[in-house]
Amino acid sequence: MACKSSADKHLDDMTECSICTEVFTDPRVLPCHHSFCFQCLVKYGEGRRPGDRMPCPLCRKEFTIPDIGLPGMKKSFEKENLLHLRELLAQSVSSDAQMNMCHQHKDKEIEVFCRDCGVAICVMCVITSHKTHDCLAIEKMSEDLRELVLSDNHKISEAWKKTGEFLKRIQKEENNITKHLAVIENEINTAADKLIAAIESDRAKLLSEVKSIKLERVAPLETVKQELQQHMTALQSFMRYSETLLSSGTACDVTRSANNLHDRADVLMKFDVIGHVDSSLPPVNVTFTLSTLPSDDRNLIGTVTEEGQLEHIS
């Protein structure tokens with residue numbers, strides 16, 4: 001155990017931050033799956049604010065800083081598990097020397113394994129406490145247990161491979177679902193855009209119809225209004241002239257003008273204002289009827305239906 005194996009060195013590499021080159025402290029994982037110490041990320045991203053784009057210190061792939069800043073970056077549970085494993089291995093290495101010595105007889109080296117009690121002991125323990133027990137040399141017992149560990153390791157290795165296959169399968173399923181849902185989103189947006197365009201077209205058509213009706217109906221009104229204004233002007237002119245004649249005219253003026261004024265009054269009174277207006281203004285009954293809309297909670301665009309499920313993993 002004096003020198004590290006290649007596996008130990010690989011574990012060291014996997015648990016060290018590429019920024020500070022020290023063992024991870026509060027590791028955080030980026031969207032590109034690279035991990036760094038939280039404080040290293042803070043120093044690296046100094047000056048950047050939430051919402052800013054920031055490149056990965058390793059691969060340079062950019063990501064968006066969360067709304068709450070870099071503290072919002074996800075913790076790397078994978079790295080934390082590896083750190084825990086590294087700690088356990090370090091403890092194991094430091095205790096190897098002590099584990100080779102008997103706990104009861106401190107100066108005696110462990111040489112025997114008692115199969116009845118399931119403990120590793122020294123020769124003195126055999127003489128004093130395990131004389132009648134089924135004991136076996138520690139090296140022989142180690143060989144038997146190595147076979148057990150080797151068998152367990154093989155089973156775990158197979159489980160690891162199978163889990164990896166399932167992980168790839170889940171990743172593929174996730175990618176397929178994401179792509180499919182992107183297509184659905186595009187279909188919804190396309191349908192909505194078409195519906196909006198149709199509504200805008202209908203609105204423009206209806207407003208154009210209303211405008212045409214307005215132009216058609218307002219023109220006669222303008223003509224009638226002008227005729228009424230002219231008639232009022234004639235009436236007002238008659239009233240002013242007759243009032244002036246009565247107030248300021250001489251007897252001769254009155255006798256000369258009275259009959260003409262009377263004839264003019266007859267002409268003006270023959271203008272039937274009410275009848276003229278009624279004949280010039282046909283009834284107008286313009287209404288708007290709303291098209292039938294769904295009375296329930298149905299969506300105008302359509303519906304999204306979820307069917308099927310992930311295939312059971314066995």
# chains A, B, ... in the order shown; residues from 1 in each chain; ligands from 1
>>> residues_around(residues="Glu16 of chain A", least_positions_apart="2", cutoff="12 Å", atoms="only C-alpha atoms", output="PyMOL selection string")
chain A and resi 9-14+18-27+34-37+40+79-80+82-83+86
>>> residues_around(residues="segment 53-58 of chain A", least_positions_apart="2", cutoff="10 Å", atoms="only C-alpha atoms", output="PDB file with N, CA and C atoms, in the first residue's frame")
ATOM      1  N   SER A  18      -9.875  21.456 -11.613  1.00  0.00           N
ATOM      2  CA  SER A  18      -8.900  21.822 -12.638  1.00  0.00           C
ATOM      3  C   SER A  18      -8.508  23.301 -12.571  1.00  0.00           C
ATOM      4  N   ILE A  19      -9.217  24.081 -11.745  1.00  0.00           N
ATOM      5  CA  ILE A  19      -8.847  25.493 -11.585  1.00  0.00           C
ATOM      6  C   ILE A  19      -7.785  25.666 -10.515  1.00  0.00           C
ATOM      7  N   LEU A  30     -21.450  22.175 -14.156  1.00  0.00           N
ATOM      8  CA  LEU A  30     -21.968  23.055 -15.204  1.00  0.00           C
ATOM      9  C   LEU A  30     -22.804  22.236 -16.190  1.00  0.00           C
ATOM     10  N   PRO A  31     -23.590  22.894 -17.053  1.00  0.00           N
ATOM     11  CA  PRO A  31     -24.392  22.157 -18.045  1.00  0.00           C
ATOM     12  C   PRO A  31     -23.560  21.271 -18.961  1.00  0.00           C
ATOM     13  N   CYS A  32     -22.270  21.617 -19.137  1.00  0.00           N
ATOM     14  CA  CYS A  32     -21.391  20.795 -19.986  1.00  0.00           C
ATOM     15  C   CYS A  32     -20.835  19.600 -19.223  1.00  0.00           C
ATOM     16  N   HIS A  33     -21.254  19.430 -17.947  1.00  0.00           N
ATOM     17  CA  HIS A  33     -20.883  18.304 -17.078  1.00  0.00           C
ATOM     18  C   HIS A  33     -19.486  18.424 -16.464  1.00  0.00           C
ATOM     19  N   HIS A  34     -18.806  19.546 -16.658  1.00  0.00           N
ATOM     20  CA  HIS A  34     -17.538  19.760 -15.972  1.00  0.00           C
ATOM     21  C   HIS A  34     -17.807  20.352 -14.588  1.00  0.00           C
ATOM     22  N   SER A  35     -16.998  19.937 -13.604  1.00  0.00           N
ATOM     23  CA  SER A  35     -17.236  20.360 -12.222  1.00  0.00           C
ATOM     24  C   SER A  35     -16.042  21.160 -11.700  1.00  0.00           C
ATOM     25  N   PHE A  36     -16.350  22.115 -10.792  1.00  0.00           N
ATOM     26  CA  PHE A  36     -15.326  22.971 -10.203  1.00  0.00           C
ATOM     27  C   PHE A  36     -15.741  23.332  -8.779  1.00  0.00           C
ATOM     28  N   CYS A  40     -13.978  28.612  -6.614  1.00  0.00           N
ATOM     29  CA  CYS A  40     -13.195  28.792  -7.840  1.00  0.00           C
ATOM     30  C   CYS A  40     -14.073  29.387  -8.938  1.00  0.00           C
ATOM     31  N   LEU A  41     -15.324  28.893  -9.020  1.00  0.00           N
ATOM     32  CA  LEU A  41     -16.256  29.437 -10.007  1.00  0.00           C
ATOM     33  C   LEU A  41     -16.563  30.906  -9.716  1.00  0.00           C
ATOM     34  N   TYR A  44     -13.618  32.918 -10.767  1.00  0.00           N
ATOM     35  CA  TYR A  44     -13.514  32.890 -12.226  1.00  0.00           C
ATOM     36  C   TYR A  44     -14.577  33.782 -12.873  1.00  0.00           C
ATOM     37  N   GLY A  45     -15.786  33.804 -12.268  1.00  0.00           N
ATOM     38  CA  GLY A  45     -16.884  34.578 -12.835  1.00  0.00           C
ATOM     39  C   GLY A  45     -17.036  35.955 -12.218  1.00  0.00           C
ATOM     40  N   ARG A  48     -19.375  39.097 -13.333  1.00  0.00           N
ATOM     41  CA  ARG A  48     -20.548  38.694 -14.111  1.00  0.00           C
ATOM     42  C   ARG A  48     -21.786  38.661 -13.219  1.00  0.00           C
ATOM     43  N   ARG A  49     -22.924  38.934 -13.817  1.00  0.00           N
ATOM     44  CA  ARG A  49     -24.176  39.031 -13.076  1.00  0.00           C
ATOM     45  C   ARG A  49     -25.146  37.944 -13.522  1.00  0.00           C
ATOM     46  N   PRO A  50     -26.213  37.709 -12.726  1.00  0.00           N
ATOM     47  CA  PRO A  50     -27.242  36.741 -13.128  1.00  0.00           C
ATOM     48  C   PRO A  50     -27.791  37.076 -14.510  1.00  0.00           C
ATOM     49  N   GLY A  51     -27.906  36.036 -15.336  1.00  0.00           N
ATOM     50  CA  GLY A  51     -28.392  36.225 -16.699  1.00  0.00           C
ATOM     51  C   GLY A  51     -27.281  36.388 -17.714  1.00  0.00           C
ATOM     52  N   ARG A  60     -14.846  25.810 -22.515  1.00  0.00           N
ATOM     53  CA  ARG A  60     -15.239  27.117 -23.047  1.00  0.00           C
ATOM     54  C   ARG A  60     -16.677  27.156 -23.551  1.00  0.00           C
ATOM     55  N   LYS A  61     -17.443  26.080 -23.328  1.00  0.00           N
ATOM     56  CA  LYS A  61     -18.848  26.104 -23.730  1.00  0.00           C
ATOM     57  C   LYS A  61     -19.604  27.048 -22.790  1.00  0.00           C
ATOM     58  N   GLU A  62     -20.372  27.975 -23.363  1.00  0.00           N
ATOM     59  CA  GLU A  62     -21.030  28.997 -22.555  1.00  0.00           C
ATOM     60  C   GLU A  62     -22.316  28.482 -21.908  1.00  0.00           C
ATOM     61  N   PHE A  63     -22.640  29.036 -20.746  1.00  0.00           N
ATOM     62  CA  PHE A  63     -23.883  28.749 -20.055  1.00  0.00           C
ATOM     63  C   PHE A  63     -24.396  30.051 -19.448  1.00  0.00           C
ATOM     64  N   THR A  64     -25.667  30.069 -19.069  1.00  0.00           N
ATOM     65  CA  THR A  64     -26.278  31.274 -18.500  1.00  0.00           C
ATOM     66  C   THR A  64     -26.252  31.202 -16.978  1.00  0.00           C
ATOM     67  N   ILE A  65     -25.744  32.237 -16.333  1.00  0.00           N
ATOM     68  CA  ILE A  65     -25.705  32.285 -14.868  1.00  0.00           C
ATOM     69  C   ILE A  65     -27.140  32.351 -14.345  1.00  0.00           C
ATOM     70  N   PRO A  66     -27.518  31.494 -13.361  1.00  0.00           N
ATOM     71  CA  PRO A  66     -28.896  31.477 -12.833  1.00  0.00           C
ATOM     72  C   PRO A  66     -29.322  32.827 -12.269  1.00  0.00           C
TER      73      PRO A  66
END
>>> atom_distance(atom1="atom CA of Lys211 of chain A", atom2="atom CA of Thr289 of chain A")
16.8 Å
>>> atom_distance(atom1="atom CA of Glu227 of chain A", atom2="atom CA of Phe271 of chain A")
10.7 Å
>>> select_by_dssp(residues="segment 62-138 of chain A", states="strand (DSSP E)", output="number ranges by chain")
A: 62-64, 112-114, 119-121, 135-137
>>> write_last_selection(atoms="C-alpha atoms", output="PDB file, in the first residue's frame")
ATOM      1  CA  GLU A  62     -21.030  28.997 -22.555  1.00  0.00           C
ATOM      2  CA  PHE A  63     -23.883  28.749 -20.055  1.00  0.00           C
ATOM      3  CA  THR A  64     -26.278  31.274 -18.500  1.00  0.00           C
ATOM      4  CA  VAL A 112      -5.055 -16.952  12.268  1.00  0.00           C
ATOM      5  CA  PHE A 113      -8.739 -16.629  11.356  1.00  0.00           C
ATOM      6  CA  CYS A 114     -11.343 -18.206  13.657  1.00  0.00           C
ATOM      7  CA  VAL A 119     -12.545 -12.845  13.601  1.00  0.00           C
ATOM      8  CA  ALA A 120      -8.845 -12.510  12.728  1.00  0.00           C
ATOM      9  CA  ILE A 121      -6.637 -13.312  15.746  1.00  0.00           C
ATOM     10  CA  CYS A 135      -9.249 -21.943  12.991  1.00  0.00           C
ATOM     11  CA  LEU A 136      -7.412 -21.485   9.714  1.00  0.00           C
ATOM     12  CA  ALA A 137      -4.196 -19.758   8.726  1.00  0.00           C
TER      13      ALA A 137
END
>>> atom_distance(atom1="atom CA of Asn259 of chain A", atom2="atom CA of Tyr241 of chain A")
13.5 Å
>>> closest_residue(among="A:Met73, A:Ala182, A:Leu215, A:Val210", to="Phe288 of chain A", atoms="only C-alpha atoms")
A:Val210
>>> residues_around(residues="Val273 of chain A", least_positions_apart="4", cutoff="12 Å", atoms="only C-alpha atoms", output="list in words")
Val224, Lys225, Glu227, Leu228, Gln229, Gln230, His231, Met232, Leu268, Met269, Val277, Asp278, Ser279 and Ser280 of chain A
>>> decode(residues="segment 31-63 of chain A", atoms="N, CA and C atoms", output="tab-separated table (two decimals), in the first residue's frame")
chain	number	residue	atom	x	y	z
A	31	PRO	N	-23.59	22.89	-17.05
A	31	PRO	CA	-24.39	22.16	-18.04
A	31	PRO	C	-23.56	21.27	-18.96
A	32	CYS	N	-22.27	21.62	-19.14
A	32	CYS	CA	-21.39	20.80	-19.99
A	32	CYS	C	-20.83	19.60	-19.22
A	33	HIS	N	-21.25	19.43	-17.95
A	33	HIS	CA	-20.88	18.30	-17.08
A	33	HIS	C	-19.49	18.42	-16.46
A	34	HIS	N	-18.81	19.55	-16.66
A	34	HIS	CA	-17.54	19.76	-15.97
A	34	HIS	C	-17.81	20.35	-14.59
A	35	SER	N	-17.00	19.94	-13.60
A	35	SER	CA	-17.24	20.36	-12.22
A	35	SER	C	-16.04	21.16	-11.70
A	36	PHE	N	-16.35	22.12	-10.79
A	36	PHE	CA	-15.33	22.97	-10.20
A	36	PHE	C	-15.74	23.33	-8.78
A	37	CYS	N	-14.75	23.74	-7.97
A	37	CYS	CA	-15.07	24.22	-6.63
A	37	CYS	C	-15.98	25.46	-6.76
A	38	PHE	N	-16.89	25.59	-5.82
A	38	PHE	CA	-17.81	26.73	-5.87
A	38	PHE	C	-17.04	28.05	-5.82
A	39	GLN	N	-16.09	28.17	-4.87
A	39	GLN	CA	-15.34	29.41	-4.74
A	39	GLN	C	-14.47	29.68	-5.96
A	40	CYS	N	-13.98	28.61	-6.61
A	40	CYS	CA	-13.19	28.79	-7.84
A	40	CYS	C	-14.07	29.39	-8.94
A	41	LEU	N	-15.32	28.89	-9.02
A	41	LEU	CA	-16.26	29.44	-10.01
A	41	LEU	C	-16.56	30.91	-9.72
A	42	VAL	N	-16.72	31.23	-8.42
A	42	VAL	CA	-17.03	32.61	-8.03
A	42	VAL	C	-15.89	33.54	-8.46
A	43	LYS	N	-14.65	33.12	-8.19
A	43	LYS	CA	-13.50	33.95	-8.56
A	43	LYS	C	-13.39	34.04	-10.09
A	44	TYR	N	-13.62	32.92	-10.77
A	44	TYR	CA	-13.51	32.89	-12.23
A	44	TYR	C	-14.58	33.78	-12.87
A	45	GLY	N	-15.79	33.80	-12.27
A	45	GLY	CA	-16.88	34.58	-12.83
A	45	GLY	C	-17.04	35.95	-12.22
A	46	GLU	N	-15.99	36.45	-11.56
A	46	GLU	CA	-16.07	37.75	-10.90
A	46	GLU	C	-16.43	38.84	-11.91
A	47	GLY	N	-17.42	39.66	-11.54
A	47	GLY	CA	-17.85	40.74	-12.43
A	47	GLY	C	-19.05	40.39	-13.27
A	48	ARG	N	-19.37	39.10	-13.33
A	48	ARG	CA	-20.55	38.69	-14.11
A	48	ARG	C	-21.79	38.66	-13.22
A	49	ARG	N	-22.92	38.93	-13.82
A	49	ARG	CA	-24.18	39.03	-13.08
A	49	ARG	C	-25.15	37.94	-13.52
A	50	PRO	N	-26.21	37.71	-12.73
A	50	PRO	CA	-27.24	36.74	-13.13
A	50	PRO	C	-27.79	37.08	-14.51
A	51	GLY	N	-27.91	36.04	-15.34
A	51	GLY	CA	-28.39	36.22	-16.70
A	51	GLY	C	-27.28	36.39	-17.71
A	52	ASP	N	-26.03	36.70	-17.23
A	52	ASP	CA	-24.90	36.83	-18.15
A	52	ASP	C	-24.48	35.47	-18.67
A	53	ARG	N	-23.84	35.46	-19.82
A	53	ARG	CA	-23.26	34.24	-20.38
A	53	ARG	C	-21.84	34.09	-19.84
A	54	MET	N	-21.47	32.86	-19.51
A	54	MET	CA	-20.15	32.61	-18.93
A	54	MET	C	-19.60	31.31	-19.52
A	55	PRO	N	-18.34	31.31	-19.99
A	55	PRO	CA	-17.78	30.10	-20.59
A	55	PRO	C	-17.26	29.14	-19.52
A	56	CYS	N	-17.33	27.86	-19.82
A	56	CYS	CA	-16.76	26.85	-18.93
A	56	CYS	C	-15.24	27.05	-18.91
A	57	PRO	N	-14.61	27.05	-17.73
A	57	PRO	CA	-13.16	27.25	-17.67
A	57	PRO	C	-12.37	26.16	-18.40
A	58	LEU	N	-13.01	25.01	-18.65
A	58	LEU	CA	-12.28	23.89	-19.26
A	58	LEU	C	-12.55	23.78	-20.75
A	59	CYS	N	-13.84	23.69	-21.14
A	59	CYS	CA	-14.17	23.45	-22.55
A	59	CYS	C	-14.63	24.71	-23.27
A	60	ARG	N	-14.85	25.81	-22.52
A	60	ARG	CA	-15.24	27.12	-23.05
A	60	ARG	C	-16.68	27.16	-23.55
A	61	LYS	N	-17.44	26.08	-23.33
A	61	LYS	CA	-18.85	26.10	-23.73
A	61	LYS	C	-19.60	27.05	-22.79
A	62	GLU	N	-20.37	27.97	-23.36
A	62	GLU	CA	-21.03	29.00	-22.56
A	62	GLU	C	-22.32	28.48	-21.91
A	63	PHE	N	-22.64	29.04	-20.75
A	63	PHE	CA	-23.88	28.75	-20.06
A	63	PHE	C	-24.40	30.05	-19.45
